[in-house]
$ cat protein.txt   # compact mmCIF, C-alpha atoms and all ligand atoms
# COMPACT_ATOMS: atom_id res chain seq x y z
CA MET A 1136 0.00 0.00 0.00
CA ILE A 1137 1.25 3.46 -0.86
CA ARG A 1138 0.33 6.31 1.41
CA THR A 1139 1.09 9.97 0.97
CA LYS A 1140 1.41 11.83 4.24
CA ASN A 1141 1.50 15.57 4.75
CA ILE A 1142 3.49 17.50 7.27
CA SER A 1143 2.40 20.98 8.17
CA PHE A 1144 3.70 23.48 10.63
CA SER A 1145 2.66 26.81 11.96
CA TYR A 1146 4.56 29.78 13.22
CA THR A 1147 3.57 33.09 14.66
CA GLU A 1148 4.52 36.27 12.87
CA TYR A 1149 4.72 39.59 14.67
CA GLU A 1150 4.49 42.71 12.54
CA LYS A 1151 6.01 44.98 15.16
CA THR A 1152 8.60 44.32 17.81
CA GLU A 1153 6.37 46.05 20.36
CA GLU A 1154 4.00 43.08 20.08
CA LEU A 1155 6.61 40.68 21.45
CA ASP A 1156 6.81 39.71 25.09
CA SER A 1157 9.67 41.21 27.05
CA ASP A 1158 11.68 37.96 27.36
CA ASP A 1159 11.61 37.42 23.60
CA MET A 1160 12.52 41.05 22.96
CA GLU A 1161 15.43 40.83 25.38
CA LEU A 1162 16.71 37.75 23.55
CA ILE A 1163 16.41 39.47 20.18
CA ILE A 1164 18.39 42.45 21.45
CA ALA A 1165 21.10 40.06 22.68
CA ALA A 1166 21.18 38.35 19.25
CA ARG A 1167 21.46 41.72 17.50
CA GLU A 1168 24.31 42.74 19.80
CA ALA A 1169 26.02 39.39 19.16
CA ALA A 1170 25.82 39.99 15.40
CA LEU A 1171 28.00 43.07 15.87
CA ASN A 1172 30.78 40.74 17.07
CA ALA A 1173 30.60 38.45 14.05
CA TYR A 1174 33.77 37.81 12.10
CA ALA A 1175 32.41 37.76 8.56
CA PRO A 1176 34.98 39.36 6.23
CA TYR A 1177 34.09 37.06 3.33
CA SER A 1178 30.29 37.12 3.24
CA GLU A 1179 29.86 40.42 5.10
CA PHE A 1180 26.69 38.76 6.41
CA LYS A 1181 26.83 39.06 10.16
CA VAL A 1182 24.66 36.78 12.25
CA GLY A 1183 24.09 36.76 15.97
CA ALA A 1184 22.32 34.19 18.10
CA ALA A 1185 21.28 34.31 21.73
CA VAL A 1186 20.23 31.27 23.71
CA ARG A 1187 18.10 31.59 26.82
CA LEU A 1188 18.71 28.87 29.39
CA GLU A 1189 16.18 27.64 31.97
CA SER A 1190 17.98 29.59 34.69
CA GLY A 1191 17.48 32.81 32.71
CA ILE A 1192 21.12 33.06 31.65
CA ILE A 1193 21.56 34.31 28.08
CA VAL A 1194 24.47 32.91 26.05
CA ARG A 1195 25.52 34.55 22.79
CA GLY A 1196 27.24 33.45 19.64
CA ALA A 1197 28.17 34.97 16.32
CA ASN A 1198 29.24 33.58 12.98
CA VAL A 1199 32.98 33.17 12.68
CA GLU A 1200 34.23 32.75 9.12
CA ASN A 1201 37.54 31.39 7.92
CA ALA A 1202 39.63 31.65 4.75
CA ALA A 1203 39.20 27.88 4.63
CA PHE A 1204 35.45 28.27 4.25
CA PRO A 1205 34.26 24.98 5.82
CA SER A 1206 36.16 25.85 8.99
CA GLY A 1207 33.76 28.69 9.74
CA ILE A 1208 30.85 28.30 12.12
CA CYS A 1209 27.36 29.78 12.17
CA ALA A 1210 26.06 31.92 15.00
CA GLU A 1211 23.51 29.34 16.14
CA ARG A 1212 26.08 26.57 16.54
CA SER A 1213 28.51 29.05 18.07
CA ALA A 1214 25.93 30.02 20.73
CA LEU A 1215 24.86 26.44 21.45
CA SER A 1216 28.48 25.25 21.67
CA ASN A 1217 29.07 28.06 24.12
CA SER A 1218 26.03 27.19 26.26
CA ILE A 1219 26.76 23.44 26.28
CA SER A 1220 30.43 24.04 27.09
CA ASN A 1221 29.80 26.48 29.91
CA HIS A 1222 26.37 25.47 31.25
CA PRO A 1223 25.92 21.79 30.40
CA LYS A 1224 23.11 21.21 32.90
CA ASP A 1225 21.23 24.43 32.20
CA LYS A 1226 18.85 23.59 29.37
CA PRO A 1227 18.18 25.96 26.46
CA ILE A 1228 14.55 26.99 26.10
CA ALA A 1229 14.81 29.56 23.31
CA ILE A 1230 17.17 30.86 20.66
CA ALA A 1231 16.88 34.19 18.88
CA ILE A 1232 18.68 34.85 15.62
CA ALA A 1233 19.36 38.20 13.95
CA SER A 1234 21.41 39.15 10.91
CA MET A 1235 22.90 42.26 9.40
CA THR A 1236 24.66 43.49 6.32
CA GLU A 1237 26.68 46.71 6.26
CA GLU A 1238 25.73 47.33 9.90
CA GLU A 1239 22.00 47.32 9.02
CA LEU A 1240 19.61 44.66 10.27
CA THR A 1241 18.24 42.56 7.43
CA ASP A 1242 14.56 42.80 6.55
CA GLY A 1243 14.35 39.07 5.95
CA PHE A 1244 14.32 36.38 8.61
CA PRO A 1245 17.63 34.64 9.30
CA SER A 1246 16.43 31.07 9.03
CA PRO A 1247 18.92 28.51 10.40
CA CYS A 1248 20.89 26.46 7.86
CA GLY A 1249 20.57 22.69 7.74
CA SER A 1250 23.58 22.04 9.97
CA CYS A 1251 22.27 24.40 12.64
CA ARG A 1252 18.81 22.80 12.47
CA GLN A 1253 20.44 19.44 13.09
CA VAL A 1254 22.38 20.81 16.07
CA ILE A 1255 19.26 22.42 17.56
CA ALA A 1256 17.50 19.06 17.09
CA GLU A 1257 20.28 17.26 18.95
CA GLU A 1258 20.06 19.76 21.79
CA GLU A 1259 16.29 19.25 22.05
CA SER A 1260 16.92 15.52 22.08
CA ARG A 1261 19.68 15.80 24.71
CA THR A 1262 17.67 17.98 27.07
CA GLY A 1263 14.10 16.85 26.38
CA ASN A 1264 13.08 20.50 25.93
CA ASN A 1265 11.51 22.14 22.92
CA ILE A 1266 13.57 25.15 21.93
CA LYS A 1267 11.57 28.17 20.83
CA ILE A 1268 13.14 29.63 17.69
CA ILE A 1269 12.84 33.38 17.26
CA LEU A 1270 13.76 34.70 13.82
CA SER A 1271 14.24 38.42 13.97
CA GLY A 1272 13.98 40.59 10.89
CA LYS A 1273 14.44 44.34 11.02
CA ASN A 1274 10.80 44.88 11.90
CA LYS A 1275 8.96 41.58 11.73
CA THR A 1276 9.59 38.50 13.84
CA GLN A 1277 8.69 34.86 13.34
CA ILE A 1278 8.40 32.50 16.30
CA ILE A 1279 8.48 28.75 15.83
CA ASP A 1280 7.74 26.44 18.74
CA GLY A 1281 10.43 23.84 18.18
CA ILE A 1282 12.87 22.41 15.66
CA SER A 1283 10.54 19.67 14.43
CA SER A 1284 8.74 22.31 12.37
CA LEU A 1285 11.97 23.34 10.64
CA LEU A 1286 13.43 19.85 10.46
CA PRO A 1287 10.73 17.24 10.04
CA LEU A 1288 11.69 13.57 9.82
CA GLN A 1289 14.95 14.44 11.50
CA PHE A 1290 17.85 12.09 12.06
CA LYS A 1291 18.01 11.36 15.78
CA ARG A 1292 20.03 9.25 18.16
CA LYS A 1293 17.38 6.54 17.95
CA ASN A 1294 18.26 6.18 14.26
CA LEU A 1295 21.67 4.97 15.37
CA GLN A 1296 19.93 2.15 17.22
CA ILE A 1297 22.18 2.47 20.22
CA ASN A 1298 21.13 3.22 23.76
CA LEU A 1299 22.61 6.31 25.28
CA PRO A 1300 21.96 7.68 28.75
ZN ZN A 1401 23.98 27.44 10.33

$ encode --input "protein.txt" --output "structure tokens"
Amino acid sequence: MIRTKNISFSYTEYEKTEELDSDDMELIIAAREAALNAYAPYSEFKVGAAVRLESGIIVRGANVENAAFPSGICAERSALSNSISNHPKDKPIAIAIASMTEEELTDGFPSPCGSCRQVIAEEESRTGNNIKIILSGKNKTQIIDGISSLLPLQFKRKNLQINLP
């Protein structure tokens, strides 16, 4: 039997930053500040990410490029590597992402690349928490409740068929 299945997802779009709650706005501001620290001489596309942990701590990351292009890292993975390295037991509950070109925030939403989606998925799997994903454009914001919407049918530890703690 052949069955076609559909996957749908929803997200919330905010037309104005004033409509956001204060925690989300604080995280967006942290992501925007982090973008200013990006090292992006090749793309000149600066990205900042800010992860909120359960304790309330905010951990930042920025994209760091390299002349050997694959050696660079995105802001999202930079921030999550930072939070896991420094606060391994404090679980992420949200990540905000902002991007800029020529010191101006981009109008469009900085959607995470495939590698970052996979890393966010692993972190959700490791901690058992959904991570709210906040994509911040210059004016508009999109909020997505968890990575499964951005990465359906994801490859997880259970696909390895090994038991981990
Ligand atoms: Zn990425």

$ residues_near_ligand --input "protein.txt" --ligand "ligand ZN 1401 (chain A)" --cutoff "8 Å" --atoms "only C-alpha atoms and all ligand atoms" --output "count of residues only"
11

$ residues_around --input "protein.txt" --residues "Ser1234 (chain A)" --least-positions-apart "6" --cutoff "12 Å" --atoms "only C-alpha atoms" --output "ChimeraX atom specification"
/A:1163-1173,1175,1178-1185,1196-1198,1209-1211,1240-1247,1270-1273

$ write_last_selection --input "protein.txt" --atoms "C-alpha atoms" --output "PDB file, in the frame of the given file"
ATOM      1  CA  ILE A1163      16.410  39.470  20.180  1.00  0.00           C
ATOM      2  CA  ILE A1164      18.390  42.450  21.450  1.00  0.00           C
ATOM      3  CA  ALA A1165      21.100  40.060  22.680  1.00  0.00           C
ATOM      4  CA  ALA A1166      21.180  38.350  19.250  1.00  0.00           C
ATOM      5  CA  ARG A1167      21.460  41.720  17.500  1.00  0.00           C
ATOM      6  CA  GLU A1168      24.310  42.740  19.800  1.00  0.00           C
ATOM      7  CA  ALA A1169      26.020  39.390  19.160  1.00  0.00           C
ATOM      8  CA  ALA A1170      25.820  39.990  15.400  1.00  0.00           C
ATOM      9  CA  LEU A1171      28.000  43.070  15.870  1.00  0.00           C
ATOM     10  CA  ASN A1172      30.780  40.740  17.070  1.00  0.00           C
ATOM     11  CA  ALA A1173      30.600  38.450  14.050  1.00  0.00           C
ATOM     12  CA  ALA A1175      32.410  37.760   8.560  1.00  0.00           C
ATOM     13  CA  SER A1178      30.290  37.120   3.240  1.00  0.00           C
ATOM     14  CA  GLU A1179      29.860  40.420   5.100  1.00  0.00           C
ATOM     15  CA  PHE A1180      26.690  38.760   6.410  1.00  0.00           C
ATOM     16  CA  LYS A1181      26.830  39.060  10.160  1.00  0.00           C
ATOM     17  CA  VAL A1182      24.660  36.780  12.250  1.00  0.00           C
ATOM     18  CA  GLY A1183      24.090  36.760  15.970  1.00  0.00           C
ATOM     19  CA  ALA A1184      22.320  34.190  18.100  1.00  0.00           C
ATOM     20  CA  ALA A1185      21.280  34.310  21.730  1.00  0.00           C
ATOM     21  CA  GLY A1196      27.240  33.450  19.640  1.00  0.00           C
ATOM     22  CA  ALA A1197      28.170  34.970  16.320  1.00  0.00           C
ATOM     23  CA  ASN A1198      29.240  33.580  12.980  1.00  0.00           C
ATOM     24  CA  CYS A1209      27.360  29.780  12.170  1.00  0.00           C
ATOM     25  CA  ALA A1210      26.060  31.920  15.000  1.00  0.00           C
ATOM     26  CA  GLU A1211      23.510  29.340  16.140  1.00  0.00           C
ATOM     27  CA  LEU A1240      19.610  44.660  10.270  1.00  0.00           C
ATOM     28  CA  THR A1241      18.240  42.560   7.430  1.00  0.00           C
ATOM     29  CA  ASP A1242      14.560  42.800   6.550  1.00  0.00           C
ATOM     30  CA  GLY A1243      14.350  39.070   5.950  1.00  0.00           C
ATOM     31  CA  PHE A1244      14.320  36.380   8.610  1.00  0.00           C
ATOM     32  CA  PRO A1245      17.630  34.640   9.300  1.00  0.00           C
ATOM     33  CA  SER A1246      16.430  31.070   9.030  1.00  0.00           C
ATOM     34  CA  PRO A1247      18.920  28.510  10.400  1.00  0.00           C
ATOM     35  CA  LEU A1270      13.760  34.700  13.820  1.00  0.00           C
ATOM     36  CA  SER A1271      14.240  38.420  13.970  1.00  0.00           C
ATOM     37  CA  GLY A1272      13.980  40.590  10.890  1.00  0.00           C
ATOM     38  CA  LYS A1273      14.440  44.340  11.020  1.00  0.00           C
TER      39      LYS A1273
END

$ residues_near_point --input "protein.txt" --point "(19.7, 18.5, 14.2)" --cutoff "10 Å" --atoms "all atoms listed in the file" --output "list in words"
Gly1249, Ser1250, Cys1251, Arg1252, Gln1253, Val1254, Ile1255, Ala1256, Glu1257, Glu1258, Glu1259, Ser1260, Ile1282, Ser1283, Leu1285, Leu1286, Pro1287, Gln1289, Phe1290 and Lys1291 of chain A

$ write_last_selection --input "protein.txt" --atoms "C-alpha atoms" --output "mmCIF file, in the frame of the given file"
data_model
loop_
_atom_site.group_PDB
_atom_site.id
_atom_site.type_symbol
_atom_site.label_atom_id
_atom_site.label_comp_id
_atom_site.auth_asym_id
_atom_site.auth_seq_id
_atom_site.Cartn_x
_atom_site.Cartn_y
_atom_site.Cartn_z
ATOM 1 C CA GLY A 1249 20.570 22.690 7.740
ATOM 2 C CA SER A 1250 23.580 22.040 9.970
ATOM 3 C CA CYS A 1251 22.270 24.400 12.640
ATOM 4 C CA ARG A 1252 18.810 22.800 12.470
ATOM 5 C CA GLN A 1253 20.440 19.440 13.090
ATOM 6 C CA VAL A 1254 22.380 20.810 16.070
ATOM 7 C CA ILE A 1255 19.260 22.420 17.560
ATOM 8 C CA ALA A 1256 17.500 19.060 17.090
ATOM 9 C CA GLU A 1257 20.280 17.260 18.950
ATOM 10 C CA GLU A 1258 20.060 19.760 21.790
ATOM 11 C CA GLU A 1259 16.290 19.250 22.050
ATOM 12 C CA SER A 1260 16.920 15.520 22.080
ATOM 13 C CA ILE A 1282 12.870 22.410 15.660
ATOM 14 C CA SER A 1283 10.540 19.670 14.430
ATOM 15 C CA LEU A 1285 11.970 23.340 10.640
ATOM 16 C CA LEU A 1286 13.430 19.850 10.460
ATOM 17 C CA PRO A 1287 10.730 17.240 10.040
ATOM 18 C CA GLN A 1289 14.950 14.440 11.500
ATOM 19 C CA PHE A 1290 17.850 12.090 12.060
ATOM 20 C CA LYS A 1291 18.010 11.360 15.780
#

$ atom_distance --input "protein.txt" --atom1 "CA of Lys1140 (chain A)" --atom2 "CA of Asp1280 (chain A)"
21.5 Å

$ closest_residue --input "protein.txt" --among "A:Ser1213, A:Asn1201, A:Ser1145, A:Asn1265" --to "Lys1226 (chain A)" --atoms "all atoms listed in the file"
A:Asn1265

$ axis_aligned_box --input "protein.txt" --around "region 1274-1281 of chain A" --padding-each-side "3 Å" --output "AutoDock Vina command-line options"
--center_x 9.3 --center_y 34.4 --center_z 15.2 --size_x 9.1 --size_y 27.0 --size_z 13.0

$ atom_distance --input "protein.txt" --atom1 "CA of Ile1193 (chain A)" --atom2 "CA of Gln1277 (chain A)"
19.6 Å

$ atom_distance --input "protein.txt" --atom1 "CA of Thr1147 (chain A)" --atom2 "CA of Ile1278 (chain A)"
5.1 Å

$ residues_around --input "protein.txt" --residues "Ser1284 (chain A)" --least-positions-apart "6" --cutoff "9 Å" --atoms "all atoms listed in the file" --output "PyMOL selection string"
chain A and resi 1142-1146

$ closest_residue --input "protein.txt" --among "A:Glu1148, A:Glu1189, A:Asp1156, A:Glu1239" --to "Ile1266 (chain A)" --atoms "only C-alpha atoms"
A:Glu1189

$ closest_residue --input "protein.txt" --among "A:Val1199, A:Ile1219, A:Val1186, A:Ile1279" --to "Tyr1174 (chain A)" --atoms "all atoms listed in the file"
A:Val1199

$ closest_residue --input "protein.txt" --among "A:Leu1288, A:Leu1155, A:Ile1192, A:Leu1215" --to "Asn1141 (chain A)" --atoms "all atoms listed in the file"
A:Leu1288

$ closest_residue --input "protein.txt" --among "A:Arg1187, A:Ile1232, A:Val1194, A:Thr1152" --to "Ser1220 (chain A)" --atoms "only C-alpha atoms"
A:Val1194
